[in-house]
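K.L.:
Starting off with a structure, shown below.
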Amino acid sequence: MTAAPASGEPTRAVLVGVDIGGNADFDATLDELALLAASAGDLAVARVIARRRAPDPALFVGSGKADEIKALVAATAAHGVIFDQALSPAQQRNLERHLGVPVADRTSLILDIFADRAQSHEGKLQVELARLQYMATRLVRRWSHLERQQGGIGTRGGPGEAQIELDRRMIGDRIKSVKERLEKVKRQRGTQRKARERRGTFRVSLVGYTNAGKSTLFNALVKAKAYAADQLFATLDTTTRSLWLAQAQSSVSLSDTVGFIRDLPHKLVEAFEATLHEAADADLLLHVVDAASPLLAEQQAEVDRVLEDIGAGGVPQLLVFNKCDLLDEAQQARAAVDWIEVHPGLRRQRVFVSARTGQGLDLLRLAIAEAVNARLNAGPAAPSALLPDGSSALAPLAAAEAAPTL
């Protein structure tokens, strides 16, 4: 095996992406995987692209490409290899033996980032559950001693019980314990939500692709100090603050939630169920989109897909195109607020903002206020922003969202 990096030195990694059967979601640049690696503290020293009709059962990429990767590992003095796809335990084990360095896949990389970033008690429990569930399928790969037999007087487990069975049972017990603790947290969140419902609080949740600028926008709207950085999954823990809207003469509850990403591990979605329910139980979603991203359409579609998975597909959305200050003059929107058809029969309002500079935030507050007035009939309608032709830029969301959702 290649020597581990010296203390303080980043792990040098070779990135590998495999296009299986012309997958439309395949990232030929591996830019997102490089950002994930950087978020985990790794340094991408080389990138390899492979194309196959189907994954190789043993090595995922086939023996020829595996030899090419092995040579590249040696040439770059890499400490490990990261795949952009999920690997089976057998494939991961075989690749490590063939390449002579540790091998990680996209799932394990995201789990490592989540484990490093979780701050709250709830967040740590959620990440621990996802990692335990991931680890349970990979005991054979990680520890060669697990096939040894245990038995006799004074040992844990029955006579002749394999170590792998003992460890699997211990992990199973821990998973059960963590699930019970998370269920208690879920009940507590439910109690808090019911209290907000009794008070008639209008609930707004920020959702979006990771690094779209949700936390920066959250801080700009409520003058909070939630952690925000130009990196993937900068924040994992849900933060909720009160946002006063002068146009509606009322406050709303604004929550910043975990960002989504392509191929977000299913077990991670399950583990973060309690947190993600903040979006499913909201009255309005602010779907934050990175307006400067070349993949904004794909990222927007991925967020909608995950929202459907967690039962939030029917919640009204307001599209917030953020980072407009990064666009060239030719790319700037013709109107600060407009409507866009996201699906046949479904139009959504779109507001262009820059959370960093404050551009468009007044119009965003006004749009939220009109949603509050339309949904809760909380007094007279707020004054609408006017487009150059004198028409309203901020018609209520309710009518548009009555059409079938994505």
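By order of appearance in the structure tokens: chains A, B, ..., then residues from 1 within every chain, and ligands from 1 in the order shown.
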Skip Phe26 (chain A) itself and residues of its chain fewer than 3 positions away, then list as number ranges by chain all residues within 10 Å of it, counting only C-alpha atoms.

P.N.:
A: 17-23, 29-30, 84-85, 262

K.L.:
Go ahead and save the picked residues with C-alpha atoms, as a PDB file, in the first residue's frame.

P.N.:
```pdb
ATOM      1  CA  GLY A  17     -15.659   8.707 -13.390  1.00  0.00           C
ATOM      2  CA  VAL A  18     -17.353   5.936 -15.370  1.00  0.00           C
ATOM      3  CA  ASP A  19     -19.986   6.715 -17.999  1.00  0.00           C
ATOM      4  CA  ILE A  20     -22.291   3.701 -17.936  1.00  0.00           C
ATOM      5  CA  GLY A  21     -24.310   3.425 -21.120  1.00  0.00           C
ATOM      6  CA  GLY A  22     -24.267   7.133 -21.954  1.00  0.00           C
ATOM      7  CA  ASN A  23     -25.807   8.289 -18.665  1.00  0.00           C
ATOM      8  CA  THR A  29     -15.450  17.022 -16.070  1.00  0.00           C
ATOM      9  CA  LEU A  30     -15.574  15.452 -12.583  1.00  0.00           C
ATOM     10  CA  ASP A  84     -17.774   9.166  -8.748  1.00  0.00           C
ATOM     11  CA  GLN A  85     -20.155   6.196  -8.612  1.00  0.00           C
ATOM     12  CA  ARG A 262     -26.742  14.475  -7.349  1.00  0.00           C
TER      13      ARG A 262
END
```

K.L.:
If we count only C-alpha atoms, what is near Val351 (chain A) at a cut-off of 12 Å, once residues fewer than 6 positions away on the same chain are taken out, given as a ChimeraX atom specification?

P.N.:
/A:286-289,291,317-324,333-340,359-368,385,393-394

K.L.:
Keeping only N, CA and C atoms, take the residues you just selected and write them out as a CSV table (one decimal), in the first residue's frame.

P.N.:
```csv
chain,number,residue,atom,x,y,z
A,286,LEU,N,-38.4,28.3,-0.5
A,286,LEU,CA,-37.5,29.2,-1.3
A,286,LEU,C,-36.5,28.3,-2.0
A,287,HIS,N,-36.7,27.9,-3.2
A,287,HIS,CA,-35.8,27.1,-4.0
A,287,HIS,C,-34.6,27.9,-4.5
A,288,VAL,N,-33.5,27.9,-3.8
A,288,VAL,CA,-32.4,28.7,-4.2
A,288,VAL,C,-31.6,28.0,-5.3
A,289,VAL,N,-31.3,28.7,-6.4
A,289,VAL,CA,-30.6,28.2,-7.5
A,289,VAL,C,-29.4,29.0,-7.8
A,291,ALA,N,-27.4,30.9,-10.0
A,291,ALA,CA,-27.7,31.4,-11.3
A,291,ALA,C,-26.4,31.4,-12.2
A,317,GLN,N,-43.5,26.7,-4.4
A,317,GLN,CA,-42.1,27.1,-4.5
A,317,GLN,C,-42.0,28.5,-5.0
A,318,LEU,N,-41.1,29.2,-4.5
A,318,LEU,CA,-40.6,30.5,-5.1
A,318,LEU,C,-39.2,30.3,-5.5
A,319,LEU,N,-38.9,30.4,-6.8
A,319,LEU,CA,-37.5,30.2,-7.3
A,319,LEU,C,-36.7,31.5,-7.0
A,320,VAL,N,-35.5,31.3,-6.4
A,320,VAL,CA,-34.6,32.4,-6.0
A,320,VAL,C,-33.3,32.1,-6.8
A,321,PHE,N,-33.1,32.9,-7.9
A,321,PHE,CA,-31.9,32.7,-8.6
A,321,PHE,C,-30.8,33.6,-8.0
A,322,ASN,N,-29.9,33.0,-7.2
A,322,ASN,CA,-28.9,33.7,-6.4
A,322,ASN,C,-27.6,33.8,-7.2
A,323,LYS,N,-26.7,34.6,-6.7
A,323,LYS,CA,-25.3,34.9,-7.3
A,323,LYS,C,-25.4,35.6,-8.6
A,324,CYS,N,-26.4,36.5,-8.7
A,324,CYS,CA,-26.5,37.2,-10.0
A,324,CYS,C,-25.4,38.2,-10.2
A,333,ALA,N,-30.7,39.1,-16.1
A,333,ALA,CA,-32.1,39.0,-16.5
A,333,ALA,C,-32.6,40.3,-16.9
A,334,ARG,N,-33.6,40.2,-17.8
A,334,ARG,CA,-34.3,41.5,-18.3
A,334,ARG,C,-35.2,42.1,-17.3
A,335,ALA,N,-35.7,41.2,-16.4
A,335,ALA,CA,-36.6,41.7,-15.3
A,335,ALA,C,-36.1,41.1,-14.0
A,336,ALA,N,-36.2,41.8,-12.9
A,336,ALA,CA,-35.8,41.3,-11.6
A,336,ALA,C,-36.7,40.2,-11.1
A,337,VAL,N,-37.9,40.2,-11.6
A,337,VAL,CA,-38.9,39.2,-11.2
A,337,VAL,C,-39.7,38.8,-12.4
A,338,ASP,N,-39.9,37.5,-12.6
A,338,ASP,CA,-40.7,37.0,-13.7
A,338,ASP,C,-41.3,35.7,-13.3
A,339,TRP,N,-41.9,35.0,-14.3
A,339,TRP,CA,-42.5,33.7,-14.1
A,339,TRP,C,-41.9,32.8,-15.1
A,340,ILE,N,-41.7,31.5,-14.8
A,340,ILE,CA,-41.1,30.6,-15.7
A,340,ILE,C,-41.9,29.3,-15.6
A,359,GLN,N,-28.6,42.6,-3.7
A,359,GLN,CA,-29.4,42.9,-4.9
A,359,GLN,C,-30.7,42.0,-4.9
A,360,GLY,N,-31.8,42.7,-5.0
A,360,GLY,CA,-33.1,41.9,-5.2
A,360,GLY,C,-33.7,41.4,-3.9
A,361,LEU,N,-33.1,41.7,-2.7
A,361,LEU,CA,-33.6,41.1,-1.5
A,361,LEU,C,-35.0,41.8,-1.1
A,362,ASP,N,-35.1,43.0,-1.4
A,362,ASP,CA,-36.4,43.7,-1.1
A,362,ASP,C,-37.5,43.1,-1.9
A,363,LEU,N,-37.3,42.8,-3.2
A,363,LEU,CA,-38.3,42.1,-4.0
A,363,LEU,C,-38.6,40.7,-3.5
A,364,LEU,N,-37.6,40.0,-3.0
A,364,LEU,CA,-37.8,38.7,-2.4
A,364,LEU,C,-38.7,38.8,-1.2
A,365,ARG,N,-38.4,39.7,-0.3
A,365,ARG,CA,-39.2,39.9,0.9
A,365,ARG,C,-40.7,40.2,0.5
A,366,LEU,N,-40.8,41.0,-0.5
A,366,LEU,CA,-42.2,41.4,-1.0
A,366,LEU,C,-42.9,40.1,-1.6
A,367,ALA,N,-42.2,39.3,-2.3
A,367,ALA,CA,-42.8,38.1,-2.8
A,367,ALA,C,-43.2,37.1,-1.7
A,368,ILE,N,-42.4,37.0,-0.7
A,368,ILE,CA,-42.8,36.2,0.5
A,368,ILE,C,-44.0,36.8,1.2
A,385,ALA,N,-44.7,44.9,-6.6
A,385,ALA,CA,-43.7,45.5,-7.4
A,385,ALA,C,-44.2,45.6,-8.8
A,393,ALA,N,-45.4,42.5,-10.8
A,393,ALA,CA,-44.4,41.5,-10.9
A,393,ALA,C,-44.6,40.4,-9.9
A,394,LEU,N,-45.5,40.6,-8.9
A,394,LEU,CA,-45.6,39.7,-7.8
A,394,LEU,C,-47.0,39.2,-7.5
```

K.L.:
Could you tell me how far CA of Gln91 (chain A) sits from CA of Leu129 (chain A), in Å to one decimal place?

P.N.:
23.4 Å

K.L.:
List every residue of region 10-178 of chain A that DSSP, applied to the backbone, labels as strand (DSSP E), and write the result as a count of residues only.

P.N.:
31

K.L.:
In Å, rounded to a single decimal, give me how far CA of Val204 (chain A) is from CA of Asp256 (chain A).

P.N.:
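These two atoms are separated by 9.0 Å.
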
K.L.:
Identify all residues of region 313-345 of chain A in helix (DSSP H, G or I) (DSSP on the backbone) and supply them as a tab-separated table (two decimals) with C-alpha atoms, in the first residue's frame.

P.N.:
```tsv
chain	number	residue	atom	x	y	z
A	324	CYS	CA	-26.54	37.24	-9.98
A	325	ASP	CA	-23.55	39.44	-9.20
A	326	LEU	CA	-21.36	36.76	-10.81
A	329	GLU	CA	-23.88	41.87	-18.32
A	330	ALA	CA	-25.14	39.84	-21.28
A	331	GLN	CA	-26.36	37.11	-18.88
```

K.L.:
Give me, please, the distance in Å between CA of Pro316 (chain A) and CA of Asp283 (chain A), quoted to one decimal.

P.N.:
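Spanning CA of Pro316 (chain A) to CA of Asp283 (chain A) is a straight-line distance of 7.0 Å.
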
K.L.:
Would you list the contacts of Thr240 (chain A) as a ChimeraX atom specification, taking every protein, DNA or RNA residue within 8 Å and counting only C-alpha atoms, but skipping same-chain residues closer than 6 positions in sequence?

P.N.:
/A:253-256

K.L.:
For Glu32 (chain A), list every protein, DNA or RNA residue within 10 Å, evaluated using only C-alpha atoms, and leave out those in the same chain fewer than 4 positions away; present the list as a PyMOL selection string.

P.N.:
chain A and resi 27-28+36-38+84+232+261-262

K.L.:
Since we have the selection now, will you write its residues out, keeping C-alpha atoms, as an mmCIF file, in the first residue's frame?

P.N.:
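Final output, part.cif:
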```
data_model
loop_
_atom_site.group_PDB
_atom_site.id
_atom_site.type_symbol
_atom_site.label_atom_id
_atom_site.label_comp_id
_atom_site.auth_asym_id
_atom_site.auth_seq_id
_atom_site.Cartn_x
_atom_site.Cartn_y
_atom_site.Cartn_z
ATOM 1 C CA ASP A 27 -20.218 14.547 -15.106
ATOM 2 C CA ALA A 28 -17.520 14.302 -17.773
ATOM 3 C CA LEU A 36 -16.467 17.078 -2.843
ATOM 4 C CA ALA A 37 -12.883 15.866 -2.448
ATOM 5 C CA ALA A 38 -11.714 19.376 -1.565
ATOM 6 C CA ASP A 84 -17.774 9.166 -8.748
ATOM 7 C CA LEU A 232 -20.176 21.841 -0.623
ATOM 8 C CA ILE A 261 -26.671 16.920 -4.446
ATOM 9 C CA ARG A 262 -26.742 14.475 -7.349
#
```
